[in-house]
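Asker: This is the structure, below, for whatever I ask next.
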Amino acid sequence: MSKRIVKVVKMELPGGEAKPGPKLASAGIIMPKFCTDFNAKTADRKGEIVPVIITAYEDKSHDFVIKTSPVASLLLKAANIKKGSANSKTTVVGSITKAQLKEIAEYKLPDLNCHDIEAAMKIVEGSARNMGITVKD
């Protein structure tokens, strides 16, 4: 017999540095155990924002799925800027190369809604354009 799901929570936590707190309290899980498991799985991603989907069960146990980092944070890191443009149509705040774009698209491919690298590159390029980042050849 399967366990009964109480809650499914999506959140973004710092890689390798999750701590018990109000953010995790809303999930209804045993926080120290989750933090230990999460930090062990994301120790190699310190300093990155790591999206996670936590499934909490009736007996206070949990499962979680770790996703790839958000495109926006990857683009900011690649362009070496702090934040995107307030008005992307008129203000360009940085630029990345096609090689960097392809690298980000390959990394994000498992979590994107497409199956080939060209489509993934178009999705990432659209995000870059909306942030005021240009893509150079």
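Order determines the names: the first chain of the structure tokens is A, the second B, and so forth; residues in each chain are numbered 1 upward, and ligands are numbered 1 upward as they are shown.
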For the contact check between range 16-102 of chain A and range 125-128 of chain A, emit one row per residue of range 16-102 of chain A within 8 Å, containing the shortest atom pair and the distance in Å rounded to one decimal, counting only C-alpha atoms, chain then rising number order, as a tab-separated table.

Answerer:
residue	atom	partner	partner_atom	distance
A:Val71	CA	A:Ser127	CA	7.4
A:Ala72	CA	A:Ser127	CA	7.2
A:Leu75	CA	A:Ala128	CA	6.7
A:Leu101	CA	A:Glu125	CA	7.1

Asker: Export all heavy atoms of the chosen residues as a short mmCIF file (atom, residue, chain, number, x, y, z; two decimals), in the first residue's frame?

Answerer:
data_model
loop_
_atom_site.label_atom_id
_atom_site.label_comp_id
_atom_site.auth_asym_id
_atom_site.auth_seq_id
_atom_site.Cartn_x
_atom_site.Cartn_y
_atom_site.Cartn_z
N VAL A 71 17.16 29.53 -15.27
CA VAL A 71 17.85 30.12 -16.42
C VAL A 71 18.34 31.52 -16.09
O VAL A 71 19.45 31.90 -16.47
CB VAL A 71 16.91 30.15 -17.66
CG1 VAL A 71 17.53 30.95 -18.79
CG2 VAL A 71 16.61 28.75 -18.13
N ALA A 72 17.53 32.29 -15.39
CA ALA A 72 17.91 33.68 -15.08
C ALA A 72 19.22 33.74 -14.31
O ALA A 72 20.10 34.55 -14.64
CB ALA A 72 16.79 34.36 -14.29
N LEU A 75 22.11 32.88 -16.61
CA LEU A 75 22.41 33.98 -17.54
C LEU A 75 23.15 35.12 -16.85
O LEU A 75 24.10 35.68 -17.40
CB LEU A 75 21.13 34.49 -18.20
CG LEU A 75 20.50 33.58 -19.25
CD1 LEU A 75 19.10 34.07 -19.60
CD2 LEU A 75 21.36 33.49 -20.48
N LEU A 101 25.51 30.36 -24.49
CA LEU A 101 24.09 30.08 -24.66
C LEU A 101 23.85 28.58 -24.83
O LEU A 101 22.98 28.00 -24.19
CB LEU A 101 23.54 30.84 -25.87
CG LEU A 101 22.07 30.62 -26.20
CD1 LEU A 101 21.20 31.37 -25.20
CD2 LEU A 101 21.77 31.09 -27.60
#

Asker: Neighbouring residues of Lys41 in chain A were defined as those with any atom within 12 Å, considering only C-alpha atoms; residues of the same chain fewer than 4 positions away were excluded. Please report them as a ChimeraX atom specification.

Answerer: /A:14-18,34-37,45-46,50,52,64-67

Asker: May I have the residues from that selection written out with all heavy atoms, as a tab-separated table (two decimals), in the first residue's frame?

Answerer:
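Resulting contents of result13.tsv:
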chain	number	residue	atom	x	y	z
A	14	PRO	N	19.34	27.43	-1.23
A	14	PRO	CA	20.76	27.52	-1.59
A	14	PRO	C	21.39	26.12	-1.57
A	14	PRO	O	21.18	25.36	-0.63
A	14	PRO	CB	21.36	28.43	-0.53
A	14	PRO	CG	20.40	28.41	0.60
A	14	PRO	CD	19.05	28.09	0.04
A	15	GLY	N	22.14	25.79	-2.61
A	15	GLY	CA	22.76	24.47	-2.72
A	15	GLY	C	23.73	24.19	-1.59
A	15	GLY	O	24.64	24.96	-1.33
A	16	GLY	N	23.55	23.06	-0.92
A	16	GLY	CA	24.43	22.64	0.15
A	16	GLY	C	24.33	23.44	1.43
A	16	GLY	O	25.12	23.23	2.34
A	17	GLU	N	23.36	24.35	1.52
A	17	GLU	CA	23.28	25.24	2.69
A	17	GLU	C	21.86	25.39	3.23
A	17	GLU	O	21.52	26.41	3.81
A	17	GLU	CB	23.82	26.62	2.33
A	17	GLU	CG	25.27	26.61	1.88
A	17	GLU	CD	25.71	27.93	1.29
A	17	GLU	OE1	24.95	28.91	1.35
A	17	GLU	OE2	26.83	27.97	0.77
A	18	ALA	N	21.01	24.38	3.05
A	18	ALA	CA	19.63	24.46	3.55
A	18	ALA	C	19.63	24.37	5.07
A	18	ALA	O	20.39	23.61	5.66
A	18	ALA	CB	18.79	23.35	2.95
A	34	PHE	N	15.52	16.39	6.36
A	34	PHE	CA	15.49	16.91	4.99
A	34	PHE	C	16.75	17.72	4.71
A	34	PHE	O	17.37	17.56	3.65
A	34	PHE	CB	14.26	17.78	4.74
A	34	PHE	CG	14.35	18.54	3.44
A	34	PHE	CD1	14.12	17.91	2.24
A	34	PHE	CD2	14.73	19.88	3.43
A	34	PHE	CE1	14.24	18.59	1.04
A	34	PHE	CE2	14.86	20.57	2.24
A	34	PHE	CZ	14.61	19.93	1.04
A	35	CYS	N	17.13	18.60	5.63
A	35	CYS	CA	18.31	19.45	5.41
A	35	CYS	C	19.57	18.62	5.23
A	35	CYS	O	20.38	18.90	4.35
A	35	CYS	CB	18.48	20.43	6.57
A	35	CYS	SG	17.19	21.69	6.60
A	36	THR	N	19.72	17.58	6.03
A	36	THR	CA	20.88	16.70	5.91
A	36	THR	C	20.91	16.02	4.54
A	36	THR	O	21.94	16.01	3.86
A	36	THR	CB	20.87	15.63	7.02
A	36	THR	OG1	20.79	16.29	8.27
A	36	THR	CG2	22.12	14.78	6.97
A	37	ASP	N	19.76	15.47	4.12
A	37	ASP	CA	19.67	14.78	2.83
A	37	ASP	C	19.91	15.76	1.68
A	37	ASP	O	20.68	15.48	0.75
A	37	ASP	CB	18.30	14.13	2.65
A	37	ASP	CG	18.02	13.03	3.65
A	37	ASP	OD1	18.99	12.54	4.29
A	37	ASP	OD2	16.84	12.65	3.81
A	45	ARG	N	26.92	21.96	-5.52
A	45	ARG	CA	26.26	23.13	-6.11
A	45	ARG	C	26.21	24.30	-5.13
A	45	ARG	O	25.28	25.11	-5.17
A	45	ARG	CB	24.86	22.75	-6.57
A	45	ARG	CG	24.89	21.76	-7.73
A	45	ARG	CD	23.54	21.24	-8.11
A	45	ARG	NE	22.70	22.26	-8.69
A	45	ARG	CZ	21.47	22.04	-9.13
A	45	ARG	NH1	20.95	20.84	-9.07
A	45	ARG	NH2	20.76	23.02	-9.62
A	46	LYS	N	27.19	24.41	-4.25
A	46	LYS	CA	27.23	25.53	-3.28
A	46	LYS	C	27.26	26.87	-4.02
A	46	LYS	O	27.94	27.01	-5.02
A	46	LYS	CB	28.46	25.42	-2.39
A	46	LYS	CG	28.28	24.49	-1.23
A	46	LYS	CD	29.38	24.69	-0.22
A	46	LYS	CE	29.35	23.65	0.85
A	46	LYS	NZ	28.48	23.90	1.93
A	50	VAL	N	19.00	26.26	-5.94
A	50	VAL	CA	18.60	24.93	-6.38
A	50	VAL	C	17.09	24.75	-6.18
A	50	VAL	O	16.62	24.69	-5.05
A	50	VAL	CB	19.36	23.83	-5.60
A	50	VAL	CG1	18.95	22.45	-6.08
A	50	VAL	CG2	20.86	24.02	-5.73
A	52	VAL	N	13.72	22.73	-5.79
A	52	VAL	CA	13.42	21.40	-5.28
A	52	VAL	C	11.91	21.25	-5.13
A	52	VAL	O	11.21	22.21	-4.81
A	52	VAL	CB	14.16	21.15	-3.94
A	52	VAL	CG1	13.71	22.12	-2.87
A	52	VAL	CG2	14.01	19.72	-3.45
A	64	PHE	N	12.08	14.07	-2.28
A	64	PHE	CA	12.29	15.33	-2.98
A	64	PHE	C	13.01	15.10	-4.29
A	64	PHE	O	13.76	14.14	-4.46
A	64	PHE	CB	13.02	16.36	-2.11
A	64	PHE	CG	14.42	15.96	-1.68
A	64	PHE	CD1	15.53	16.35	-2.42
A	64	PHE	CD2	14.61	15.23	-0.53
A	64	PHE	CE1	16.80	16.00	-2.01
A	64	PHE	CE2	15.89	14.89	-0.12
A	64	PHE	CZ	16.98	15.27	-0.86
A	65	VAL	N	12.72	15.99	-5.24
A	65	VAL	CA	13.32	15.95	-6.57
A	65	VAL	C	14.07	17.26	-6.77
A	65	VAL	O	13.49	18.34	-6.61
A	65	VAL	CB	12.25	15.78	-7.67
A	65	VAL	CG1	12.87	15.79	-9.05
A	65	VAL	CG2	11.43	14.52	-7.43
A	66	ILE	N	15.34	17.16	-7.13
A	66	ILE	CA	16.16	18.35	-7.35
A	66	ILE	C	16.13	18.68	-8.85
A	66	ILE	O	16.31	17.81	-9.68
A	66	ILE	CB	17.60	18.09	-6.89
A	66	ILE	CG1	17.61	17.86	-5.38
A	66	ILE	CG2	18.51	19.25	-7.27
A	66	ILE	CD1	18.92	17.40	-4.83
A	67	LYS	N	15.90	19.95	-9.15
A	67	LYS	CA	15.86	20.41	-10.54
A	67	LYS	C	17.13	21.20	-10.86
A	67	LYS	O	17.93	21.49	-9.97
A	67	LYS	CB	14.63	21.32	-10.74
A	67	LYS	CG	13.31	20.64	-10.50
A	67	LYS	CD	13.04	19.63	-11.57
A	67	LYS	CE	11.64	19.07	-11.46
A	67	LYS	NZ	11.35	18.16	-12.56

Asker: Run DSSP on the backbone and give me the residues of chain A it puts in strand (DSSP E), as a ChimeraX atom specification.

Answerer: /A:5-14,49-57,62-66,94-97,133-136

Asker: Find the spatial neighbours of Lys10 in chain A, counting only C-alpha atoms, within a cut-off of 8 Å - ignore same-chain residues fewer than 5 positions away - and output them as a list of chain:residue names.

Answerer: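 Final neighbour list, sorted by chain and number: A:Pro51, A:Val52, A:Ile53, A:Ile54.
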
Asker: Taking only C-alpha atoms into account, name the residue in A:Thr42, A:Asn113, A:Ser2, A:Asn130 that is nearest to Asn87 in chain A.

Answerer: A:Asn130

Asker: Quick one, how far is CA of Gln100 in chain A from CA of Glu12 in chain A?

Answerer: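 Between CA of Gln100 in chain A and CA of Glu12 in chain A the gap works out to 23.6 Å.
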
Asker: Extract, using only C-alpha atoms, all DNA, RNA and protein residues at most 10 Å from Ala56 in chain A, discarding same-chain residues fewer than 4 positions from it, and format them as an NGL selection string.

Answerer: :A and (3-9 or 27-30 or 60-64)

Asker: Pick out the residues sitting within 10 Å of range 78-81 of chain A, and hand them over as a PDB file with N, CA and C atoms, in the first residue's frame; count only C-alpha atoms, and ignore anything fewer than 5 positions along from it in its own chain.

Answerer:
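Final file, out00.pdb:
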ATOM      1  N   ALA A  72      17.533  32.293 -15.388  1.00  0.00           N
ATOM      2  CA  ALA A  72      17.906  33.677 -15.079  1.00  0.00           C
ATOM      3  C   ALA A  72      19.222  33.744 -14.310  1.00  0.00           C
ATOM      4  N   SER A  73      19.382  32.906 -13.296  1.00  0.00           N
ATOM      5  CA  SER A  73      20.622  32.957 -12.520  1.00  0.00           C
ATOM      6  C   SER A  73      21.815  32.483 -13.343  1.00  0.00           C
ATOM      7  N   VAL A  93      22.054  45.349 -20.681  1.00  0.00           N
ATOM      8  CA  VAL A  93      22.923  45.362 -19.510  1.00  0.00           C
ATOM      9  C   VAL A  93      24.129  44.443 -19.631  1.00  0.00           C
ATOM     10  N   GLY A  94      24.117  43.543 -20.609  1.00  0.00           N
ATOM     11  CA  GLY A  94      25.244  42.628 -20.767  1.00  0.00           C
ATOM     12  C   GLY A  94      25.098  41.800 -22.024  1.00  0.00           C
ATOM     13  N   SER A  95      26.086  40.932 -22.238  1.00  0.00           N
ATOM     14  CA  SER A  95      26.027  40.058 -23.409  1.00  0.00           C
ATOM     15  C   SER A  95      26.693  38.722 -23.095  1.00  0.00           C
ATOM     16  N   ILE A  96      26.273  37.705 -23.834  1.00  0.00           N
ATOM     17  CA  ILE A  96      26.884  36.381 -23.734  1.00  0.00           C
ATOM     18  C   ILE A  96      27.174  35.889 -25.148  1.00  0.00           C
ATOM     19  N   THR A  97      28.005  34.873 -25.283  1.00  0.00           N
ATOM     20  CA  THR A  97      28.332  34.317 -26.588  1.00  0.00           C
ATOM     21  C   THR A  97      27.389  33.153 -26.908  1.00  0.00           C
ATOM     22  N   GLN A 100      28.256  30.142 -24.777  1.00  0.00           N
ATOM     23  CA  GLN A 100      27.693  30.184 -23.430  1.00  0.00           C
ATOM     24  C   GLN A 100      26.208  29.843 -23.465  1.00  0.00           C
ATOM     25  N   LEU A 101      25.508  30.356 -24.491  1.00  0.00           N
ATOM     26  CA  LEU A 101      24.085  30.080 -24.658  1.00  0.00           C
ATOM     27  C   LEU A 101      23.854  28.575 -24.825  1.00  0.00           C
ATOM     28  N   GLU A 103      25.818  26.129 -23.875  1.00  0.00           N
ATOM     29  CA  GLU A 103      26.174  25.458 -22.623  1.00  0.00           C
ATOM     30  C   GLU A 103      25.014  25.509 -21.624  1.00  0.00           C
ATOM     31  N   ILE A 104      24.390  26.683 -21.491  1.00  0.00           N
ATOM     32  CA  ILE A 104      23.245  26.836 -20.592  1.00  0.00           C
ATOM     33  C   ILE A 104      22.073  25.987 -21.078  1.00  0.00           C
ATOM     34  N   ALA A 128      17.105  35.510 -22.151  1.00  0.00           N
ATOM     35  CA  ALA A 128      18.197  36.491 -22.152  1.00  0.00           C
ATOM     36  C   ALA A 128      17.712  37.830 -22.703  1.00  0.00           C
ATOM     37  N   ILE A 133      19.902  41.050 -22.025  1.00  0.00           N
ATOM     38  CA  ILE A 133      21.199  40.458 -22.352  1.00  0.00           C
ATOM     39  C   ILE A 133      21.202  40.081 -23.823  1.00  0.00           C
ATOM     40  N   THR A 134      22.211  40.536 -24.557  1.00  0.00           N
ATOM     41  CA  THR A 134      22.297  40.212 -25.978  1.00  0.00           C
ATOM     42  C   THR A 134      23.157  38.958 -26.173  1.00  0.00           C
ATOM     43  N   VAL A 135      22.924  38.263 -27.294  1.00  0.00           N
ATOM     44  CA  VAL A 135      23.702  37.073 -27.624  1.00  0.00           C
ATOM     45  C   VAL A 135      24.547  37.401 -28.844  1.00  0.00           C
TER      46      VAL A 135
END

Asker: Using only C-alpha atoms, pick whichever of A:Asn39, A:Gly21, A:Ser69, A:Ser26 has the shortest atom-to-atom distance to Asp111 in chain A.

Answerer: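 Checking each candidate against Asp111 in chain A, we get A:Ser69 as the closest.
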
Asker: Which of chain A end up as helix (DSSP H, G or I) when DSSP is run on this backbone - answer as a VMD selection string?

Answerer: chain A and resid 22 to 25 31 to 41 43 to 45 71 to 79 98 to 111 117 to 130

Asker: Taking only C-alpha atoms into account, name the residue in A:Glu48, A:Glu118, A:Glu106, A:Asp137 that is nearest to Leu76 in chain A.

Answerer: A:Glu48

Asker: One number please: CA of Met121 in chain A to CA of Lys98 in chain A, in Å, one decimal.

Answerer: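 We find that CA of Met121 in chain A and CA of Lys98 in chain A lie 9.0 Å from each other.
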